[in-house]
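Student: This is the structure I have questions about; it appears just below.
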Amino acid sequence: MNTRPTRILAATCLVLTALLSIVSLLTQPEFTADPAQRLAQIDAAGTSATVSALTFTLSQLPFLIAVVAVAALAHARAPRAAWFGGVLGVLGGFGHSVFGGISLTYLALAADATHRETMGHALTRVEAGPAKLFMAMGLLGTVLGLVVLGIALFRSRAVVRWVPVALWLFVVLEFALSNIASWASLLSGLVYLAAFTGIATQVLHEGWAMDSTEPVVPVPAVEA
């Protein structure tokens with residue numbers, strides 16, 4: 001777990017998922033609640049909507065590795081919070097992966113303006129079916145996972161204190177304020193990148209602490 005290739009993989013995934021998320025946020029079109037109008041907005045956005053959906057979906061794979069890395073980093077001194085936050089984060093990434101797949105179907109349907117109303121009704125049924133569970137899993141798992149992982153990092157002191165604070169700030173900006181203020185999404189992406197880059201730096205240069213709160217004291221050799 002503490003080998004250099006593993007640390008490089010974890011650090012890369014931490015930064016990569018944040019970068020992909022920023023691209024997705026910046027290229028995402030404005031969405032309304034009505035599925036038919038949403039398809040029209042995707043069609044009007046063109047390439048930017050495609051880039052947004054693809055980068056959102058692609059960001060979930062490194063996100064899964066990233067949350068495991070964060071949990072491992074905080075595990076030594078905050079094992080319960082690290083485990084709980086890691087599990088929630090993985091569930092969130094899985095749920096968002098399912099939603100990413102649904103988003104890709106929006107791209108295929110958006111270009112057909114003739115049957116847009118019919119497809120809008122079909123999407124309403126899709127989003128009200130089993131997909132709703134995965135969408136809720138993605139949202140709640142990601143939000144609660146990052147909050148709890150921030151608590152684990154804060155309690156373990158595995159990173160400097162501003163990093164978990166940045167994770168909490170990202171959650172507030174992205175999931176509470178982004179629907180109110182247009183600048184909140186961009187700021188949330190930058191805060192997210194800063195937090196995950198700080199964690200990546202710690203993982204890359206220091207690695208994971210051992211599962212013990214006490215340092216190992218070498219036993220002196222007994223002279224014959």
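Each chain in the structure tokens gets a letter, A, B and so on, in the order shown; residues start at 1 in every chain, and ligands are counted from 1 in the order they appear.
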Can you list, as an NGL selection string, every protein, DNA or RNA residue that comes within 8 Å of Ser103 of chain A when you count only C-alpha atoms, leaving out same-chain residues fewer than 4 positions away?

Tutor: :A and (53 or 99 or 107)

Student: At a cut-off of 9 Å, using only C-alpha atoms, what residues contact segment 8-18 of chain A? Leave out same-chain residues fewer than 2 positions from it and give the result as a count of residues only.

Tutor: 35

Student: Kindly indicate which residue among A:Leu26, A:Pro130, A:Gly120, A:Ala74 lies nearest to Trp183 of chain A, using only C-alpha atoms for the distances.

Tutor: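 Of the candidates, the smallest distance to Trp183 of chain A is held by A:Leu26.
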
Student: Segment 64-152 of chain A near segment 166-182 of chain A within 10 Å: what's each residue's closest atom pair and its distance in Å to one decimal, counting only C-alpha atoms, ordered by chain then ascending residue number, as a Markdown table?

Tutor:
```
| residue | atom | partner | partner_atom | distance |
| --- | --- | --- | --- | --- |
| A:Leu139 | CA | A:Phe175 | CA | 8.8 |
| A:Thr142 | CA | A:Val171 | CA | 9.0 |
| A:Val143 | CA | A:Val171 | CA | 6.3 |
| A:Leu144 | CA | A:Val171 | CA | 9.0 |
| A:Leu146 | CA | A:Leu167 | CA | 6.6 |
| A:Val147 | CA | A:Trp168 | CA | 5.9 |
| A:Val148 | CA | A:Trp168 | CA | 9.2 |
| A:Leu149 | CA | A:Leu167 | CA | 8.6 |
| A:Gly150 | CA | A:Leu167 | CA | 6.2 |
| A:Ile151 | CA | A:Trp168 | CA | 9.0 |
```

Student: Emit the selected residues as a short mmCIF file (atom, residue, chain, number, x, y, z; two decimals), in the first residue's frame, including N, CA and C atoms.

Tutor:
```
data_model
loop_
_atom_site.label_atom_id
_atom_site.label_comp_id
_atom_site.auth_asym_id
_atom_site.auth_seq_id
_atom_site.Cartn_x
_atom_site.Cartn_y
_atom_site.Cartn_z
N LEU A 139 -25.68 11.56 -4.89
CA LEU A 139 -25.69 12.86 -4.22
C LEU A 139 -25.37 12.74 -2.74
N THR A 142 -21.80 11.20 -1.94
CA THR A 142 -20.70 12.13 -2.18
C THR A 142 -20.66 13.23 -1.13
N VAL A 143 -21.82 13.84 -0.85
CA VAL A 143 -21.88 14.93 0.12
C VAL A 143 -21.46 14.45 1.51
N LEU A 144 -22.13 13.40 1.99
CA LEU A 144 -21.83 12.91 3.34
C LEU A 144 -20.43 12.31 3.40
N LEU A 146 -17.69 13.18 1.71
CA LEU A 146 -16.67 14.22 1.80
C LEU A 146 -16.72 14.93 3.14
N VAL A 147 -17.92 15.12 3.69
CA VAL A 147 -18.02 15.74 5.02
C VAL A 147 -17.35 14.87 6.08
N VAL A 148 -17.65 13.58 6.07
CA VAL A 148 -17.09 12.67 7.08
C VAL A 148 -15.59 12.48 6.87
N LEU A 149 -15.14 12.40 5.62
CA LEU A 149 -13.71 12.30 5.36
C LEU A 149 -12.99 13.57 5.82
N GLY A 150 -13.65 14.73 5.67
CA GLY A 150 -13.07 15.96 6.21
C GLY A 150 -12.92 15.88 7.71
N ILE A 151 -13.92 15.31 8.40
CA ILE A 151 -13.83 15.12 9.85
C ILE A 151 -12.67 14.19 10.19
#
```

Student: Report as a PyMOL selection string all protein, DNA and RNA residues lying within 9 Å of Leu153 of chain A, evaluated on only C-alpha atoms, omitting residues in the same chain fewer than 3 positions from it.

Tutor: chain A and resi 70-71+73-75+77-78+81-82+148-150+156-161+163-164

Student: Counting only C-alpha atoms, which residue out of A:Thr124, A:Gly207, A:Leu104, A:Val191 sits closest to Leu19 of chain A?

Tutor: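 Using only C-alpha atoms, Leu19 of chain A sits closest to A:Val191.
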
Student: Using only C-alpha atoms, tabulate the residues of segment 13-85 of chain A lying at most 10 Å from any atom of segment 112-116 of chain A, each with its closest atom pair and that distance in Å to one decimal, by chain and increasing residue number, as a Markdown table.

Tutor:
```
| residue | atom | partner | partner_atom | distance |
| --- | --- | --- | --- | --- |
| A:Pro35 | CA | A:Arg116 | CA | 8.9 |
| A:Ala36 | CA | A:Arg116 | CA | 5.7 |
| A:Gln37 | CA | A:Arg116 | CA | 8.4 |
| A:Arg38 | CA | A:Arg116 | CA | 9.8 |
| A:Leu39 | CA | A:Arg116 | CA | 7.2 |
| A:Ala40 | CA | A:Ala113 | CA | 7.5 |
| A:Asp43 | CA | A:Ala113 | CA | 8.7 |
```

Student: Ranking A:Gln41, A:Gly92, A:Leu133, A:His205 by minimum distance to Ala110 of chain A and counting only C-alpha atoms, which one comes first?

Tutor: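 Selected residue with least distance to Ala110 of chain A: A:Gln41.
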